[in-house]
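Presented below is the structure to which this report refers.
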Amino acid sequence: MAAEPAGPAELPAGLADPAFGNERRMIRFDNVTKKYKGDVVALRDVSLEITKGEFVFVVGASGSGKTTLLKLLLREESIDAGQIWVAGREVGRLSNWRVPYLRRNLGCVFQDFRLLPNKTVFDNVGFALQVIGRPRSVITSQVPQVLELVGLGQKGARYPHELSGGEQQRVAIARAFVNRPLILLADEPTGNLDPTTSLGIVSLLDRINRTGTTVVMATHDSSIVDQMRRRVIEIDHGRIIRDQARGIYGIDPSPSTTRGVPAVSLASGNATTMEPPARGERRSRTRH
Amino acid sequence: MPISIGYISRETANNLWRNRLMAIAAILTVGVSLSLVGTALLLRQAVNNSLNALQANVDLQIFMNPDTTSTSAATATVRSLAEQTPQVKKCNYLNHQQSYANAVALFRAQGEEEAIAALTVASTPPVFQCTLVQAGDAATVATLFNGQPGVFKVEYPAKSIHTLESISKVAQIVLLVLALVLLVSSVVLILNAIRMAIFSRRREVGVMRLVGATAWFIRLPFMMEGLVQGVIGAAIAVGMVVLGDFGIGALLHHFPEFQKAVVPSHDVLVTELFVVFVGIVVGVGGSAVAVRRFLDV
């Protein structure tokens with residue numbers, strides 16, 4: 001990978017807050033149940049484990065509980081039963097004032113980008129550092145690096161409305177990653193993009209993943225999941241119905257499908273899947 | 001975590017500018033209501049001061065018949081009676097000459113030259129000017145001396161004091177009630193201004209929460225916005241109070257008998273500090289409620 005920008009390799013993930021240690025298990029759900037008002041069960045007795053450096057797809061129909069799962073990691077919502085650990089900390093037991101420090105370890109990307117329209121690309125990314133009290137010098141050194149990484153080195157002075165959808169999502173990824181979080185959460189990041197642009201975004205997430213950052217991506221995009229051949233967790237009506245090491249989008253009848261088996265046992269087997277297949281082919285399609 | 005002062009002040013200024021109409025409404029209401037508060041407080045002090053001045057001079061005057069002198073038996077009786085009365089602090093006897101001089105000075109101050117012309121030394125009654133332990137006892141003490149041999153009449157300013165007091169009390173109550181109503185509306189206006197600022201910045205707030213800005217980092221610019229509105233309003237009120245004080249002072253200059261009503265600059269300063277304090281409380285209070293109710297952090 002000669003084209004790989006040097007930036008993130010020099011800075012290991014997890015610099016955001018040393019208090020959240022270098023735990024090997026990044027994410028762990030123990031029998032987590034989440035209900036919304038009116039007894040709608042969003043997640044039902046979910047257990048899973050994601051180790052450092054994994055790239056995980058969370059798939060399932062709309063309303064299956066994918067977004068809820070991501071929200072629980074950020075403690076945007078509270079849980080009704082079970083426990084969630086992120087980087088060795090139990091999320092439910094963090095006091096309120098520590099929640100921002102948890103979130104500094106979790107970069108987030110959404111379908112609708114959530115950029116600030118009145119700020120330039122540079123300022124949008126710098127904003128993420130500014131509001132956690134990082135000094136100006138850190139912003140001026142980190143932002144160009146991360147913009148280079150996402151391929152927008154020349155577009156720092158542009159405003160979001162001057163960019164294409166794919167470029168806007170790259171800005172959002174840069175903002176999520178500029179603080180070098182341990183984990184990057186992406187909720188349907190390609191939902192608003194055409195297939196070619198989507199592949200570019202996923203290859204960028206893949207590049208970020210190879211710096212050691214754990215990536216969890218909720219998606220509907222079957223072609224991306226099928227091409228990447230990474231770990232796939234499928235949720236249906238709030239239950240995990242599949243957790244597969246080198247999965248595809250739909251139900252795969254091959255022996256590696258492990259319906260109903262506790263997820264914990266699968267996590268360790270995942271180390272072999274770090275290299276995605278067919279990388280050369282994908283790259284040739286994304287460079288344009 | 002250090003919160004940059006530059007960041008806070010920039011954000012606060014931006015917020016104020018974006019919502020300038022609401023901000024101006026809030027600031028003006030704070031200004032008017034605090035002007036009323038300041039005026040009411042100064043009025044009370046002015047009235048108290050003039051009452052004190054009246055009371056400190058003389059609580060009770062016992063006018064003797066003009067035919068008595070300092071050596072008359074009647075004078076001696078009244079003097080000893082005054083000394084024996086526990087409510088009387090001390091009495092000062094003015095003979096014909098001194099009483100005449102006193103009356104001339106008083107009439108001259110009031111510009112009544114004809115009255116001076118009509119006055120003679122012999123016809124001016126000698127007088128005991130008494131101060132009492134408590135000015136409220138004047139009526140009781142007066143009955144003691146009325147009808148004593150040689151006593152012409154007993155006078156005390158209690159009645160006029162009472163009238164002045166009740167008028168100023170009504171004025172103060174009206175002013176303070178008005179001020180209170182306006183203060184409540186300024187809290188509501190500030191609250192609404194902050195609520196609109198929060199609403200117009202909900203995207204930023206969402207991103208800030210997402211990337212892990214602390215609750216106080218998100219709240220502070222909004223709180224500062226309320227504080228600034230309260231303080232600017234208070235500054236307007238201080239200006240109004242200073243101007244008013246100046247104007248009234250100049251006006252009172254033409255009325256020497258009200259000179260004592262002028263509030264010393266020290267008390268004016270204390271009143272103004274109080275006005276600024278109320279402005280801060282109103283601003284911070286309004287924005288604190290808005291931030292609690294409408295800002296999710």
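Order determines the names: the first chain of the structure tokens is A, the second B, and so forth; residues in each chain are numbered 1 upward, and ligands are numbered 1 upward as they are shown.
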
Output as JSON lines one row per residue of chain A within 12 Å of chain B: the closest atom pair and its distance in Å to one decimal place, counting only C-alpha atoms, sorted by chain and residue number ascending.
```
{"residue": "A:Ala16", "atom": "CA", "partner": "B:Gly212", "partner_atom": "CA", "distance": 10.3}
{"residue": "A:Asp17", "atom": "CA", "partner": "B:Gly212", "partner_atom": "CA", "distance": 11.0}
{"residue": "A:Lys71", "atom": "CA", "partner": "B:Leu210", "partner_atom": "CA", "distance": 10.6}
{"residue": "A:Leu73", "atom": "CA", "partner": "B:Leu210", "partner_atom": "CA", "distance": 11.8}
{"residue": "A:Leu74", "atom": "CA", "partner": "B:Leu210", "partner_atom": "CA", "distance": 8.2}
{"residue": "A:Arg75", "atom": "CA", "partner": "B:Leu210", "partner_atom": "CA", "distance": 10.4}
{"residue": "A:Glu76", "atom": "CA", "partner": "B:Leu210", "partner_atom": "CA", "distance": 9.3}
{"residue": "A:Asn96", "atom": "CA", "partner": "B:Ala215", "partner_atom": "CA", "distance": 9.1}
{"residue": "A:Trp97", "atom": "CA", "partner": "B:Thr214", "partner_atom": "CA", "distance": 7.2}
{"residue": "A:Arg98", "atom": "CA", "partner": "B:Thr214", "partner_atom": "CA", "distance": 8.4}
{"residue": "A:Val99", "atom": "CA", "partner": "B:Gly212", "partner_atom": "CA", "distance": 7.5}
{"residue": "A:Pro100", "atom": "CA", "partner": "B:Gly212", "partner_atom": "CA", "distance": 4.0}
{"residue": "A:Tyr101", "atom": "CA", "partner": "B:Gly212", "partner_atom": "CA", "distance": 5.9}
{"residue": "A:Leu102", "atom": "CA", "partner": "B:Gly212", "partner_atom": "CA", "distance": 7.3}
{"residue": "A:Arg103", "atom": "CA", "partner": "B:Gly212", "partner_atom": "CA", "distance": 4.9}
{"residue": "A:Arg104", "atom": "CA", "partner": "B:Gly212", "partner_atom": "CA", "distance": 4.9}
{"residue": "A:Asn105", "atom": "CA", "partner": "B:Gly212", "partner_atom": "CA", "distance": 8.5}
{"residue": "A:Leu106", "atom": "CA", "partner": "B:Val211", "partner_atom": "CA", "distance": 7.8}
{"residue": "A:Gly107", "atom": "CA", "partner": "B:Val211", "partner_atom": "CA", "distance": 7.0}
{"residue": "A:Cys108", "atom": "CA", "partner": "B:Leu210", "partner_atom": "CA", "distance": 7.2}
{"residue": "A:Val109", "atom": "CA", "partner": "B:Leu210", "partner_atom": "CA", "distance": 9.8}
{"residue": "A:Phe110", "atom": "CA", "partner": "B:Leu210", "partner_atom": "CA", "distance": 11.1}
{"residue": "A:Asp112", "atom": "CA", "partner": "B:Arg203", "partner_atom": "CA", "distance": 12.0}
{"residue": "A:Phe113", "atom": "CA", "partner": "B:Val207", "partner_atom": "CA", "distance": 10.5}
{"residue": "A:Arg114", "atom": "CA", "partner": "B:Val207", "partner_atom": "CA", "distance": 7.4}
{"residue": "A:Leu115", "atom": "CA", "partner": "B:Val207", "partner_atom": "CA", "distance": 8.2}
{"residue": "A:Leu116", "atom": "CA", "partner": "B:Glu204", "partner_atom": "CA", "distance": 6.8}
{"residue": "A:Pro117", "atom": "CA", "partner": "B:Arg203", "partner_atom": "CA", "distance": 9.4}
{"residue": "A:Asn118", "atom": "CA", "partner": "B:Glu204", "partner_atom": "CA", "distance": 10.3}
{"residue": "A:Lys119", "atom": "CA", "partner": "B:Glu204", "partner_atom": "CA", "distance": 10.4}
{"residue": "A:Asn124", "atom": "CA", "partner": "B:Val207", "partner_atom": "CA", "distance": 9.7}
{"residue": "A:Val125", "atom": "CA", "partner": "B:Val211", "partner_atom": "CA", "distance": 10.6}
{"residue": "A:Gly126", "atom": "CA", "partner": "B:Val211", "partner_atom": "CA", "distance": 11.2}
{"residue": "A:Phe127", "atom": "CA", "partner": "B:Met208", "partner_atom": "CA", "distance": 8.2}
{"residue": "A:Ala128", "atom": "CA", "partner": "B:Val211", "partner_atom": "CA", "distance": 5.8}
{"residue": "A:Leu129", "atom": "CA", "partner": "B:Val211", "partner_atom": "CA", "distance": 8.2}
{"residue": "A:Gln130", "atom": "CA", "partner": "B:Tyr7", "partner_atom": "CA", "distance": 8.7}
{"residue": "A:Val131", "atom": "CA", "partner": "B:Ala213", "partner_atom": "CA", "distance": 5.4}
{"residue": "A:Ile132", "atom": "CA", "partner": "B:Ala213", "partner_atom": "CA", "distance": 4.9}
{"residue": "A:Gly133", "atom": "CA", "partner": "B:Ile3", "partner_atom": "CA", "distance": 6.2}
{"residue": "A:Arg134", "atom": "CA", "partner": "B:Pro2", "partner_atom": "CA", "distance": 9.0}
{"residue": "A:Pro135", "atom": "CA", "partner": "B:Ser4", "partner_atom": "CA", "distance": 8.8}
{"residue": "A:Arg136", "atom": "CA", "partner": "B:Ser4", "partner_atom": "CA", "distance": 10.4}
{"residue": "A:Ala172", "atom": "CA", "partner": "B:Val207", "partner_atom": "CA", "distance": 10.5}
{"residue": "A:Ile173", "atom": "CA", "partner": "B:Val211", "partner_atom": "CA", "distance": 11.9}
{"residue": "A:Ala174", "atom": "CA", "partner": "B:Val211", "partner_atom": "CA", "distance": 12.0}
{"residue": "A:Arg175", "atom": "CA", "partner": "B:Val211", "partner_atom": "CA", "distance": 8.6}
{"residue": "A:Ala176", "atom": "CA", "partner": "B:Val211", "partner_atom": "CA", "distance": 7.3}
{"residue": "A:Phe177", "atom": "CA", "partner": "B:Val211", "partner_atom": "CA", "distance": 9.9}
{"residue": "A:Val178", "atom": "CA", "partner": "B:Val211", "partner_atom": "CA", "distance": 10.1}
{"residue": "A:Asn179", "atom": "CA", "partner": "B:Val211", "partner_atom": "CA", "distance": 8.7}
{"residue": "A:Arg180", "atom": "CA", "partner": "B:Val211", "partner_atom": "CA", "distance": 11.3}
{"residue": "A:Pro181", "atom": "CA", "partner": "B:Val211", "partner_atom": "CA", "distance": 9.8}
{"residue": "A:Leu184", "atom": "CA", "partner": "B:Val211", "partner_atom": "CA", "distance": 11.5}
{"residue": "A:Leu185", "atom": "CA", "partner": "B:Leu210", "partner_atom": "CA", "distance": 11.2}
```

Q: Assign secondary structure with DSSP using the backbone only, and return the residues of stretch 40-281 of chain A in strand (DSSP E or B) as a PyMOL selection string.
A: chain A and resi 40-51+55-59+81-86+89-90+106-110+183-187+214-219+231-236+239-244

Quick one: write out the picked residues with N, CA and C atoms as a compact mmCIF listing (two decimals), in the first residue's frame?
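To be explicit, this is the file written out as selection.txt:
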```txt
# COMPACT_ATOMS: atom_id res chain seq x y z
N VAL A 40 -41.73 -1.32 23.47
CA VAL A 40 -41.11 -1.78 22.22
C VAL A 40 -39.72 -2.28 22.56
N VAL A 41 -39.47 -3.56 22.28
CA VAL A 41 -38.17 -4.12 22.61
C VAL A 41 -37.24 -3.93 21.43
N ALA A 42 -36.20 -3.08 21.62
CA ALA A 42 -35.27 -2.79 20.52
C ALA A 42 -34.16 -3.84 20.47
N LEU A 43 -33.67 -4.24 21.64
CA LEU A 43 -32.66 -5.30 21.70
C LEU A 43 -33.08 -6.27 22.79
N ARG A 44 -32.93 -7.57 22.50
CA ARG A 44 -33.42 -8.59 23.42
C ARG A 44 -32.27 -9.54 23.77
N ASP A 45 -31.77 -9.43 24.97
CA ASP A 45 -30.78 -10.38 25.48
C ASP A 45 -29.59 -10.55 24.53
N VAL A 46 -29.00 -9.42 24.15
CA VAL A 46 -27.90 -9.45 23.18
C VAL A 46 -26.56 -9.60 23.89
N SER A 47 -25.76 -10.57 23.45
CA SER A 47 -24.40 -10.71 23.95
C SER A 47 -23.46 -10.75 22.76
N LEU A 48 -22.39 -9.98 22.82
CA LEU A 48 -21.40 -10.04 21.75
C LEU A 48 -20.09 -9.47 22.26
N GLU A 49 -19.04 -9.74 21.52
CA GLU A 49 -17.74 -9.23 21.91
C GLU A 49 -16.97 -8.84 20.66
N ILE A 50 -16.37 -7.67 20.69
CA ILE A 50 -15.58 -7.20 19.55
C ILE A 50 -14.20 -6.83 20.08
N THR A 51 -13.17 -7.40 19.46
CA THR A 51 -11.81 -7.16 19.96
C THR A 51 -11.18 -6.00 19.20
N PHE A 55 -13.03 -5.27 12.23
CA PHE A 55 -13.93 -4.52 11.36
C PHE A 55 -15.22 -5.32 11.31
N VAL A 56 -16.29 -4.76 11.85
CA VAL A 56 -17.52 -5.53 12.01
C VAL A 56 -18.67 -4.84 11.28
N PHE A 57 -19.39 -5.63 10.47
CA PHE A 57 -20.63 -5.13 9.88
C PHE A 57 -21.79 -5.56 10.75
N VAL A 58 -22.69 -4.62 11.03
CA VAL A 58 -23.94 -4.99 11.70
C VAL A 58 -25.04 -4.83 10.66
N VAL A 59 -25.69 -5.95 10.33
CA VAL A 59 -26.72 -5.88 9.28
C VAL A 59 -28.07 -6.28 9.85
N ALA A 81 -31.53 -4.03 30.90
CA ALA A 81 -30.94 -5.20 31.55
C ALA A 81 -29.60 -5.50 30.90
N GLY A 82 -28.72 -6.14 31.66
CA GLY A 82 -27.42 -6.52 31.12
C GLY A 82 -26.35 -5.47 31.34
N GLN A 83 -25.19 -5.69 30.72
CA GLN A 83 -24.07 -4.77 30.87
C GLN A 83 -23.38 -4.57 29.54
N ILE A 84 -22.82 -3.34 29.39
CA ILE A 84 -22.05 -3.03 28.19
C ILE A 84 -20.69 -2.51 28.64
N TRP A 85 -19.63 -3.08 28.08
CA TRP A 85 -18.29 -2.58 28.35
C TRP A 85 -17.73 -1.97 27.08
N VAL A 86 -17.09 -0.81 27.21
CA VAL A 86 -16.36 -0.23 26.09
C VAL A 86 -14.95 0.07 26.60
N ARG A 89 -14.43 -0.36 30.31
CA ARG A 89 -15.28 0.39 31.25
C ARG A 89 -16.73 -0.03 31.06
N GLU A 90 -17.42 -0.18 32.18
CA GLU A 90 -18.83 -0.49 32.06
C GLU A 90 -19.60 0.80 31.81
N LEU A 106 -14.93 7.28 20.93
CA LEU A 106 -15.82 6.69 19.94
C LEU A 106 -16.10 7.72 18.85
N GLY A 107 -15.47 7.54 17.69
CA GLY A 107 -15.80 8.43 16.57
C GLY A 107 -17.11 7.98 15.95
N CYS A 108 -17.89 8.94 15.43
CA CYS A 108 -19.19 8.59 14.87
C CYS A 108 -19.39 9.17 13.49
N VAL A 109 -19.95 8.35 12.60
CA VAL A 109 -20.28 8.80 11.26
C VAL A 109 -21.72 8.38 10.98
N PHE A 110 -22.49 9.27 10.32
CA PHE A 110 -23.90 8.98 10.08
C PHE A 110 -24.23 9.08 8.60
N ILE A 183 -12.43 3.51 18.73
CA ILE A 183 -13.48 2.84 17.98
C ILE A 183 -14.13 3.84 17.04
N LEU A 184 -14.43 3.40 15.82
CA LEU A 184 -15.18 4.25 14.90
C LEU A 184 -16.53 3.58 14.63
N LEU A 185 -17.60 4.30 14.95
CA LEU A 185 -18.94 3.77 14.71
C LEU A 185 -19.50 4.45 13.46
N ALA A 186 -20.04 3.65 12.55
CA ALA A 186 -20.61 4.23 11.33
C ALA A 186 -22.02 3.67 11.16
N ASP A 187 -22.99 4.60 11.19
CA ASP A 187 -24.39 4.18 11.06
C ASP A 187 -24.86 4.47 9.64
N THR A 214 -10.79 0.08 15.87
CA THR A 214 -11.90 -0.85 15.71
C THR A 214 -13.02 -0.14 14.96
N VAL A 215 -13.58 -0.80 13.93
CA VAL A 215 -14.65 -0.16 13.16
C VAL A 215 -15.91 -1.01 13.26
N VAL A 216 -17.01 -0.37 13.65
CA VAL A 216 -18.31 -1.04 13.66
C VAL A 216 -19.21 -0.27 12.71
N MET A 217 -19.71 -0.96 11.70
CA MET A 217 -20.49 -0.27 10.67
C MET A 217 -21.85 -0.96 10.51
N ALA A 218 -22.90 -0.19 10.79
CA ALA A 218 -24.25 -0.70 10.53
C ALA A 218 -24.59 -0.37 9.09
N THR A 219 -25.10 -1.34 8.34
CA THR A 219 -25.33 -1.07 6.92
C THR A 219 -26.45 -1.93 6.34
N ARG A 231 -16.28 -9.70 9.43
CA ARG A 231 -17.22 -10.25 10.40
C ARG A 231 -18.59 -9.59 10.21
N VAL A 232 -19.63 -10.39 10.21
CA VAL A 232 -20.99 -9.88 10.04
C VAL A 232 -21.84 -10.30 11.22
N ILE A 233 -22.49 -9.32 11.87
CA ILE A 233 -23.45 -9.61 12.93
C ILE A 233 -24.81 -9.22 12.39
N GLU A 234 -25.73 -10.21 12.31
CA GLU A 234 -27.05 -9.87 11.80
C GLU A 234 -28.05 -9.81 12.96
N ILE A 235 -28.82 -8.74 12.97
CA ILE A 235 -29.83 -8.56 14.01
C ILE A 235 -31.21 -8.63 13.38
N ASP A 236 -32.11 -9.33 14.05
CA ASP A 236 -33.48 -9.38 13.57
C ASP A 236 -34.40 -9.26 14.77
N ARG A 239 -32.72 -9.39 18.16
CA ARG A 239 -31.89 -10.53 18.55
C ARG A 239 -30.76 -10.72 17.53
N ILE A 240 -29.62 -11.19 18.03
CA ILE A 240 -28.55 -11.57 17.10
C ILE A 240 -28.91 -12.93 16.52
N ILE A 241 -29.09 -12.99 15.21
CA ILE A 241 -29.42 -14.29 14.62
C ILE A 241 -28.24 -14.86 13.87
N ARG A 242 -27.17 -14.09 13.72
CA ARG A 242 -26.01 -14.61 13.00
C ARG A 242 -24.80 -13.80 13.42
N ASP A 243 -23.69 -14.49 13.63
CA ASP A 243 -22.43 -13.80 13.92
C ASP A 243 -21.37 -14.62 13.23
N GLN A 244 -20.86 -14.09 12.15
CA GLN A 244 -20.10 -14.90 11.20
C GLN A 244 -18.76 -14.23 10.95
```

For B:Val133: contacts at 10 Å, only C-alpha atoms, fewer than 3 positions along chain excluded, given as a PDB file with N, CA and C atoms, in the first residue's frame:
```
ATOM      1  N   ASP B  59     -37.901  67.578  67.810  1.00  0.00           N
ATOM      2  CA  ASP B  59     -39.074  66.714  67.815  1.00  0.00           C
ATOM      3  C   ASP B  59     -40.294  67.458  68.352  1.00  0.00           C
ATOM      4  N   PRO B  86     -39.009  61.267  81.230  1.00  0.00           N
ATOM      5  CA  PRO B  86     -38.004  60.343  80.670  1.00  0.00           C
ATOM      6  C   PRO B  86     -37.999  60.321  79.121  1.00  0.00           C
ATOM      7  N   GLN B  87     -39.132  60.622  78.462  1.00  0.00           N
ATOM      8  CA  GLN B  87     -39.170  60.566  76.993  1.00  0.00           C
ATOM      9  C   GLN B  87     -38.388  61.719  76.352  1.00  0.00           C
ATOM     10  N   VAL B  88     -38.110  62.763  77.148  1.00  0.00           N
ATOM     11  CA  VAL B  88     -37.410  63.925  76.596  1.00  0.00           C
ATOM     12  C   VAL B  88     -35.906  63.715  76.757  1.00  0.00           C
ATOM     13  N   LYS B  89     -35.197  63.813  75.637  1.00  0.00           N
ATOM     14  CA  LYS B  89     -33.749  63.624  75.696  1.00  0.00           C
ATOM     15  C   LYS B  89     -33.088  64.893  76.216  1.00  0.00           C
ATOM     16  N   LYS B  90     -33.334  65.999  75.529  1.00  0.00           N
ATOM     17  CA  LYS B  90     -32.810  67.274  76.023  1.00  0.00           C
ATOM     18  C   LYS B  90     -33.592  68.436  75.430  1.00  0.00           C
ATOM     19  N   CYS B 130     -37.032  70.762  71.931  1.00  0.00           N
ATOM     20  CA  CYS B 130     -36.689  69.510  72.604  1.00  0.00           C
ATOM     21  C   CYS B 130     -36.487  68.381  71.600  1.00  0.00           C
ATOM     22  N   GLY B 136     -41.802  59.251  67.998  1.00  0.00           N
ATOM     23  CA  GLY B 136     -43.198  58.821  68.029  1.00  0.00           C
ATOM     24  C   GLY B 136     -43.930  59.233  69.305  1.00  0.00           C
ATOM     25  N   ASP B 137     -43.162  59.572  70.362  1.00  0.00           N
ATOM     26  CA  ASP B 137     -43.796  59.937  71.637  1.00  0.00           C
ATOM     27  C   ASP B 137     -44.243  61.386  71.679  1.00  0.00           C
ATOM     28  N   ALA B 138     -44.030  62.128  70.584  1.00  0.00           N
ATOM     29  CA  ALA B 138     -44.264  63.575  70.585  1.00  0.00           C
ATOM     30  C   ALA B 138     -45.671  63.931  71.076  1.00  0.00           C
TER      31      ALA B 138
END
```

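Atom to atom, atom CA of A:Pro160 and atom CA of B:Ile194 stand 27.2 Å apart.
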
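Each of B:Leu81, B:Ile280, B:Leu41, B:Val32 was compared to B:Val181 using only C-alpha atoms, and B:Val32 turns out to be the nearest.
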
**Q.** Surrounding residues of stretch 150-153 of chain B excluding itself and chain neighbours under 3 positions, 12 Å, only C-alpha atoms, as an MDAnalysis selection string
**A.** chainID B and resid 60:70 72:79 124:128 142:147 156

Q.
I need the helix (DSSP H, G or I) residues of stretch 36-150 of chain B per DSSP on the backbone, written as JSON, numbers by chain.
A. {"B": [36, 37, 38, 39, 40, 41, 42, 43, 44, 45, 46, 47, 48, 49, 50, 51, 52, 53, 54, 55, 56, 57, 73, 74, 75, 76, 77, 78, 79, 80, 81, 82, 83, 84, 96, 97, 98, 99, 100, 101, 102, 103, 104, 105, 106, 107, 108, 109, 113, 114, 115, 116, 117, 118, 135, 136, 137, 138, 139, 140, 141, 142, 143, 144, 145]}

Q: Please indicate the distance in Å from atom CA of B:Tyr93 to atom CA of B:Glu113, rounded to one decimal place.
A: 25.4 Å

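For the atom pair formed by atom CA of B:Val278 and atom CA of B:Val228, the distance is 12.8 Å, given to one decimal.
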
Just want the 10 Å neighbourhood of B:Glu272, counted on only C-alpha atoms, with same-chain residues fewer than 4 positions away dropped. Output as a short mmCIF file (atom, residue, chain, number, x, y, z; two decimals) with all heavy atoms, in the first residue's frame.
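The resulting around_28.cif:
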```
data_model
loop_
_atom_site.label_atom_id
_atom_site.label_comp_id
_atom_site.auth_asym_id
_atom_site.auth_seq_id
_atom_site.Cartn_x
_atom_site.Cartn_y
_atom_site.Cartn_z
N LEU B 34 -34.93 47.51 36.12
CA LEU B 34 -33.90 47.83 37.12
C LEU B 34 -33.85 49.34 37.39
O LEU B 34 -33.52 49.76 38.50
CB LEU B 34 -32.54 47.30 36.68
CG LEU B 34 -32.40 45.79 36.78
CD1 LEU B 34 -31.01 45.35 36.36
CD2 LEU B 34 -32.65 45.32 38.21
N SER B 35 -34.19 50.16 36.39
CA SER B 35 -34.28 51.61 36.64
C SER B 35 -35.34 51.87 37.70
O SER B 35 -35.14 52.68 38.61
CB SER B 35 -34.65 52.36 35.37
OG SER B 35 -33.69 52.13 34.37
N VAL B 37 -36.37 49.77 39.99
CA VAL B 37 -35.85 49.28 41.27
C VAL B 37 -34.95 50.33 41.89
O VAL B 37 -35.10 50.70 43.07
CB VAL B 37 -35.08 47.94 41.08
CG1 VAL B 37 -34.36 47.56 42.36
CG2 VAL B 37 -36.04 46.84 40.67
N GLY B 38 -34.01 50.83 41.08
CA GLY B 38 -33.07 51.83 41.59
C GLY B 38 -33.79 53.08 42.06
O GLY B 38 -33.49 53.63 43.14
N LEU B 41 -35.55 52.51 45.38
CA LEU B 41 -34.61 52.46 46.50
C LEU B 41 -34.11 53.85 46.86
O LEU B 41 -34.05 54.22 48.04
CB LEU B 41 -33.43 51.56 46.16
CG LEU B 41 -33.76 50.07 46.06
CD1 LEU B 41 -32.52 49.29 45.63
CD2 LEU B 41 -34.26 49.56 47.41
N LEU B 42 -33.79 54.65 45.82
CA LEU B 42 -33.29 56.00 46.09
C LEU B 42 -34.37 56.88 46.69
O LEU B 42 -34.10 57.69 47.57
CB LEU B 42 -32.74 56.63 44.81
CG LEU B 42 -31.37 56.11 44.38
CD1 LEU B 42 -30.88 56.87 43.17
CD2 LEU B 42 -30.36 56.24 45.51
N ALA B 234 -28.54 46.12 33.25
CA ALA B 234 -28.21 46.77 34.52
C ALA B 234 -27.41 48.05 34.27
O ALA B 234 -27.61 49.06 34.96
CB ALA B 234 -27.42 45.82 35.40
N ALA B 235 -26.52 48.00 33.27
CA ALA B 235 -25.72 49.20 32.96
C ALA B 235 -26.63 50.34 32.52
O ALA B 235 -26.44 51.49 32.91
CB ALA B 235 -24.70 48.88 31.88
N ALA B 237 -29.72 50.70 33.41
CA ALA B 237 -30.42 51.15 34.62
C ALA B 237 -29.52 52.04 35.46
O ALA B 237 -29.97 53.07 35.99
CB ALA B 237 -30.89 49.94 35.42
N VAL B 238 -28.26 51.67 35.60
CA VAL B 238 -27.33 52.50 36.38
C VAL B 238 -27.23 53.89 35.77
O VAL B 238 -27.29 54.90 36.47
CB VAL B 238 -25.94 51.82 36.46
CG1 VAL B 238 -24.88 52.80 36.93
CG2 VAL B 238 -25.99 50.62 37.38
N GLY B 239 -27.15 53.93 34.43
CA GLY B 239 -27.11 55.22 33.74
C GLY B 239 -28.34 56.05 34.04
O GLY B 239 -28.25 57.24 34.36
N VAL B 241 -30.36 55.78 36.62
CA VAL B 241 -30.39 56.18 38.03
C VAL B 241 -29.44 57.35 38.27
O VAL B 241 -29.79 58.32 38.95
CB VAL B 241 -30.03 54.98 38.94
CG1 VAL B 241 -29.79 55.44 40.36
CG2 VAL B 241 -31.15 53.95 38.89
N VAL B 242 -28.26 57.30 37.66
CA VAL B 242 -27.30 58.40 37.82
C VAL B 242 -27.90 59.69 37.27
O VAL B 242 -27.87 60.74 37.91
CB VAL B 242 -25.97 58.06 37.11
CG1 VAL B 242 -25.10 59.31 36.97
CG2 VAL B 242 -25.22 56.99 37.88
N HIS B 266 -22.37 58.06 48.27
CA HIS B 266 -22.02 56.73 48.76
C HIS B 266 -23.24 55.79 48.67
O HIS B 266 -23.14 54.66 48.21
CB HIS B 266 -21.53 56.82 50.20
CG HIS B 266 -21.53 55.53 50.94
ND1 HIS B 266 -20.57 54.56 50.73
CD2 HIS B 266 -22.39 55.01 51.86
CE1 HIS B 266 -20.84 53.52 51.49
NE2 HIS B 266 -21.94 53.77 52.18
N ASP B 267 -24.40 56.33 49.12
CA ASP B 267 -25.61 55.49 49.08
C ASP B 267 -26.06 55.22 47.65
O ASP B 267 -26.57 54.15 47.34
CB ASP B 267 -26.74 56.19 49.85
CG ASP B 267 -26.48 56.14 51.35
OD1 ASP B 267 -25.54 55.42 51.74
OD2 ASP B 267 -27.18 56.82 52.11
N VAL B 268 -25.86 56.22 46.77
CA VAL B 268 -26.20 56.02 45.36
C VAL B 268 -25.36 54.88 44.79
O VAL B 268 -25.86 54.00 44.08
CB VAL B 268 -25.96 57.31 44.54
CG1 VAL B 268 -26.20 57.05 43.06
CG2 VAL B 268 -26.88 58.41 45.04
N VAL B 276 -26.84 46.30 39.72
CA VAL B 276 -26.00 45.43 38.88
C VAL B 276 -26.14 43.98 39.34
O VAL B 276 -26.27 43.05 38.53
CB VAL B 276 -24.53 45.88 38.93
CG1 VAL B 276 -23.62 44.86 38.25
CG2 VAL B 276 -24.38 47.24 38.25
N PHE B 277 -26.14 43.80 40.66
CA PHE B 277 -26.27 42.45 41.21
C PHE B 277 -27.58 41.81 40.76
O PHE B 277 -27.61 40.66 40.31
CB PHE B 277 -26.18 42.51 42.74
CG PHE B 277 -26.47 41.20 43.41
CD1 PHE B 277 -25.53 40.18 43.39
CD2 PHE B 277 -27.67 40.99 44.07
CE1 PHE B 277 -25.79 38.98 44.00
CE2 PHE B 277 -27.95 39.79 44.67
CZ PHE B 277 -27.00 38.77 44.64
N VAL B 278 -28.68 42.58 40.86
CA VAL B 278 -29.99 42.04 40.44
C VAL B 278 -29.94 41.71 38.93
O VAL B 278 -30.47 40.69 38.50
CB VAL B 278 -31.13 43.03 40.74
CG1 VAL B 278 -32.44 42.53 40.17
CG2 VAL B 278 -31.27 43.20 42.24
#
```
